[in-house]
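> Questions regarding the structure given below will be posed in turn.
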Amino acid sequence: MVDRATDPQRLKLPRYLRFAISVLIIGHLMAVFLPPFAFQTRGPRGVSPSIMWLLSPVRRYAEFAYLDRGYAFFAPDPGPSHLVRIDPKMDADESPSPRVFPNLDDQWPRLLYHRYFMVSEFLSTAYEPSLPDDAERLIGDELTAEEIKLWRQSRERYDRLIASISHHYEAQSGVPVNVSRIEHRLPDFVGYAERQQSLTDPDLYVVLPDETIDVEAVVAPMQTDNVDRALGRGPELIPLLPATSGDKL
Amino acid sequence: MSNRVTTRDATVLDFVRHAVDLWDQFWFTPRTVETLAGLRIFTGAMLLYSHVVLASDLSAFLGPDALIDNATSKALQDGSYAPATAVWSSLWFIDSSSGLWLHHGFTIGVTLAFTIGLLTRITGVLAVIAQWMLLHRLFGALFGLDQIVTYSAMYLAITPCGAVWSVDAWWRNRQTSPDENRSRWKRFLFPDDIESTSATIGTRLLQIHLCVIYLFGGLAKSRGQMWWDGTALWYAVSNYEYQSFDLTFLSPYPVLFTGLTHVTLLWEIFYVALVWPKITRWFAVGLAVAVHGGIATFLGMATFGLMMIAANAIFLSPVWIRKWRLQNQDASHPVKVKRPKVR
C-alpha cells in the first residue's frame, strides 16, 4: 500500500519548497498560538518570561496581522455592561437632554450598535483613577518613580479618550459636554426569579465616580500590581495584547 | 553492540521519516477548493456588510472628529502611553472627508470583488490589507467578528479560492478550452479548477487557528467561578446590552442553564481534540453550530455567530461538495472543467 503522502504524484511541491514553506508555517503558528498563551500566563509579576522569549521573534508580525488576541470571550466571568453618558453643559435655565451610548434607538443595525458598545467598554477598561499631584513624595521601596510615571501615563490615556469622545459630541452639537461612565449591573438569578426585577430597573444603573486615588492607603495592597506597572506589564500596558476590547463579544 | 546501534539509528531514522511523511501529508497533499470557495463568498459578504455598516456612520469611527479620533488612535499604539507596537494604519493620516470616503470606497470595492471572485488572487490580498488598516484604526471598537472574519480572509487570500463559483472561473471557462496550455501568470490569476497545495495550506491554517481560538477561549473561561458553578449562561443572557431575545424566563430552571454552561465550557476546551477524529467531528462541529446559533439568535451578535458557524465549515471535506457539484453540473449542462481524480 502506498501512503498518500509518500506518493510523489500526490505531492506537487519539490522537497526544498516544502521545507521553506514549513518554516513559514511554523513561524505563523507561533504567532497564532503564543499571544493567547501569553495572555493566560499573565500574573502579578507579568507575563511568563519563557512565553515572552518564545514570542519575541514573531511578536511584531502578530501585532500587525492582528493575531495578538486573547480570545477571552465572556471570560473569566460574564460581567456587567458599561455605558457612556453624554451630558450637555447647559445654562441653569435650560434643561439638558443627556445621551447614552450604546443605544438601540440611535444605532442601527445591530453591528453598528455593537461598535458603539465596544467603545463604551473600551473606555471603561481604560479607566484609571488620577494620582494626587504630590504622589512623588511617597517614592520609596513600596512605590517607584517608574510606577508613578506609568500610572500617570495610563491616566493620561484615559483622559485623552474622554477628550476625544467629548470632542466628537461637541463637534456634532456645538455645545460643551460632560462624559461619564455608567455600569449596568446584572441581577442575580435567584433574586430575579423571586422579584421579577426588570433588567432596566434604574437601581441597576450606577454612575461610576472619577476619583483621585489615596496613594498612601493603597500602596501596600497594590504592591503586586505596581510591579506590573513598573515593568509596563499591566493589562492596559501590554503592547502585545493591547486591549480587552478585542476580546469582547 | 554496533548492530544494536545501527538498529537503533535505523529506528530513529524511520521515526523521523514517518514524521516528515505525516507532516507532508497534512500540509501538502493537494485538495480541491469547493469548501474554500464557499467560505470566500460568505467571508467576503460578511466583510462587505461590516464595511457598509461602518459607512453608514463613518465620521463616528474614522477621521479627526471620530469618537476615538485619528491622533488618539495613533497615540494608543505609537508608544505615547505604552510601549509602541508594530501596528500601523493609513487611516491615521487621513483627515479630510473626501479622503476617508475614497479610502473606504476602495475597501468596499476590493472586498466586493473578492466576494464575487473577480481577480481573486489580487483582490483577496488587497481586501485583507484594507481590513488591517481598518482594524488598526478602529482599535477600541472591535470584537470577535472582526477577528474571525479577518483570519478567514487572510487564509483564503493565499489559496486559489476563486477557481470555482467566481467571475474568474466564468472568465477562464469562456476564454480557454480544458486542454489548452496557459501561461504561468494566467494560471495564477485565473486558477484551474484542480487540486492545489495552497488550498490545503490555507485550509489547515484556518482549522488550526479555530482550534487555538476555542482552546484559549475555554481556558480563559475555566479561570472564572461562574463557568464552574454553572451560572455564567444566566449572567450572559441577563445582560440587557447584549440580549436580542429575552431568555430571563430561564431563571427558575437552574438545572437547564447550568447544564448548558457546563456543556459550553467542556466543548470549547475539548474542541481541539474532538474535531480532528472523523468519528467525533460532527459532534464538535454540531455543538459549534448550536452554541454560535444561540449567540447569533439570543445575544445580539448574528454577524459573529454566523461567521463562526461558517468558519467551522472549513472542516467539511471539499470532496463531498465537489461530487455534489459535478453531479449537478452533469445534470444541467456540461462545463469546461479540468476534472482531477477525486480521492
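So you can find residues: chains in the C-alpha cells are A, B, ... in the order shown, residues in each start at 1, and ligands are numbered from 1 in order.
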Per DSSP on the backbone, what are the helix (DSSP H, G or I) residues of segment 22-200 of chain B, as a ChimeraX atom specification?

/B:22-28,34-55,58-61,70-75,90-93,97-116,120-137,144-157,167-175,184-189,197-200

> Show which residues sit within 8 Å of Tyr66 of chain A, as a ChimeraX atom specification. Count only C-alpha atoms, and ignore same-chain residues fewer than 2 positions away.

/A:62-64,68-69 /B:132,135,147

> Produce a file of the selected residues containing C-alpha atoms, as a PDB file, in the first residue's frame.


```
ATOM      1  CA  ALA A  62       1.492  39.025  15.336  1.00  0.00           C
ATOM      2  CA  GLU A  63       0.719  42.644  16.192  1.00  0.00           C
ATOM      3  CA  PHE A  64       0.488  43.812  12.603  1.00  0.00           C
ATOM      4  CA  ASP A  68      -2.211  39.231  19.164  1.00  0.00           C
ATOM      5  CA  ARG A  69      -5.538  38.403  20.764  1.00  0.00           C
TER       6      ARG A  69
ATOM      7  CA  TRP B 132      -5.840  45.511   8.582  1.00  0.00           C
ATOM      8  CA  LEU B 135      -8.702  47.205  12.322  1.00  0.00           C
ATOM      9  CA  GLN B 147     -11.127  38.577  14.460  1.00  0.00           C
TER      10      GLN B 147
END
```

> Pull out every residue of chain B that has at least one atom within 6 Å of chain A, counting only C-alpha atoms, and report them as a PyMOL selection string.

chain B and resi 21+25+29+65-68+81-83+85-87+140-144+213+217+220-221+223-224+226+236+251-252

> Would you write out those residues with C-alpha atoms, as an mmCIF file, in the first residue's frame?


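What ended up in out16.cif:
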```cif
data_model
loop_
_atom_site.group_PDB
_atom_site.id
_atom_site.type_symbol
_atom_site.label_atom_id
_atom_site.label_comp_id
_atom_site.auth_asym_id
_atom_site.auth_seq_id
_atom_site.Cartn_x
_atom_site.Cartn_y
_atom_site.Cartn_z
ATOM 1 C CA ASP B 21 5.708 11.995 5.767
ATOM 2 C CA GLN B 25 0.599 14.596 4.086
ATOM 3 C CA THR B 29 -1.485 16.859 -0.044
ATOM 4 C CA ASP B 65 -13.905 64.086 14.810
ATOM 5 C CA ALA B 66 -14.480 60.383 15.477
ATOM 6 C CA LEU B 67 -15.288 59.012 18.931
ATOM 7 C CA ILE B 68 -11.653 57.945 19.031
ATOM 8 C CA TYR B 81 1.075 55.742 26.642
ATOM 9 C CA ALA B 82 2.583 52.268 26.478
ATOM 10 C CA PRO B 83 5.436 50.591 24.604
ATOM 11 C CA THR B 85 3.515 48.231 18.784
ATOM 12 C CA ALA B 86 4.056 47.241 15.142
ATOM 13 C CA VAL B 87 0.537 48.380 14.362
ATOM 14 C CA GLY B 140 -11.302 50.122 20.795
ATOM 15 C CA ALA B 141 -14.380 49.434 18.661
ATOM 16 C CA LEU B 142 -13.633 45.849 17.679
ATOM 17 C CA PHE B 143 -14.990 42.498 18.796
ATOM 18 C CA GLY B 144 -14.996 38.785 17.954
ATOM 19 C CA ILE B 213 -9.386 30.226 19.482
ATOM 20 C CA GLY B 217 -11.497 30.725 24.892
ATOM 21 C CA ALA B 220 -9.917 31.671 29.842
ATOM 22 C CA LYS B 221 -13.426 30.715 30.947
ATOM 23 C CA ARG B 223 -10.412 30.591 35.294
ATOM 24 C CA GLY B 224 -13.794 32.029 36.232
ATOM 25 C CA MET B 226 -19.309 31.259 37.121
ATOM 26 C CA ALA B 236 -24.712 36.293 29.793
ATOM 27 C CA SER B 251 -34.201 31.922 35.889
ATOM 28 C CA PRO B 252 -36.445 29.322 37.615
#
```

> To one decimal place, how far is atom CA of Leu145 of chain B from atom CA of Met133 of chain B in Å?

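Interatomic distance, atom CA of Leu145 of chain B to atom CA of Met133 of chain B: 16.0 Å.
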
> If you run DSSP on this backbone, which residues of segment 5-115 of chain A come out as strand (DSSP E or B), and could you give them as a PyMOL selection string?

chain A and resi 43+46+81-88+99-101

> Could you take the residues named above and write them with N, CA and C atoms, as a short mmCIF file (atom, residue, chain, number, x, y, z; two decimals), in the first residue's frame?


```cif
data_model
loop_
_atom_site.label_atom_id
_atom_site.label_comp_id
_atom_site.auth_asym_id
_atom_site.auth_seq_id
_atom_site.Cartn_x
_atom_site.Cartn_y
_atom_site.Cartn_z
N GLY A 43 0.38 37.21 35.26
CA GLY A 43 0.17 37.08 36.70
C GLY A 43 0.61 38.35 37.38
N GLY A 46 3.59 39.79 35.85
CA GLY A 46 3.58 39.97 34.41
C GLY A 46 3.46 38.66 33.66
N SER A 81 -22.39 45.40 31.99
CA SER A 81 -22.08 46.24 30.83
C SER A 81 -21.69 47.63 31.29
N HIS A 82 -21.00 48.33 30.40
CA HIS A 82 -20.64 49.71 30.70
C HIS A 82 -21.13 50.62 29.58
N LEU A 83 -21.76 51.71 29.98
CA LEU A 83 -22.32 52.65 29.03
C LEU A 83 -21.60 53.98 29.20
N VAL A 84 -21.80 54.85 28.23
CA VAL A 84 -21.23 56.20 28.31
C VAL A 84 -22.37 57.20 28.25
N ARG A 85 -22.37 58.13 29.19
CA ARG A 85 -23.41 59.16 29.19
C ARG A 85 -22.80 60.50 28.80
N ILE A 86 -23.49 61.18 27.88
CA ILE A 86 -23.04 62.48 27.40
C ILE A 86 -24.03 63.53 27.91
N ASP A 87 -23.56 64.40 28.77
CA ASP A 87 -24.41 65.46 29.31
C ASP A 87 -23.98 66.80 28.75
N PRO A 88 -24.85 67.46 27.97
CA PRO A 88 -24.50 68.81 27.50
C PRO A 88 -24.38 69.76 28.68
N ARG A 99 -27.42 62.05 26.51
CA ARG A 99 -27.44 60.92 25.58
C ARG A 99 -26.61 59.80 26.18
N VAL A 100 -27.01 58.61 25.88
CA VAL A 100 -26.27 57.45 26.38
C VAL A 100 -25.95 56.54 25.20
N PHE A 101 -24.71 56.06 25.15
CA PHE A 101 -24.44 55.01 24.16
C PHE A 101 -23.77 53.83 24.84
#
```
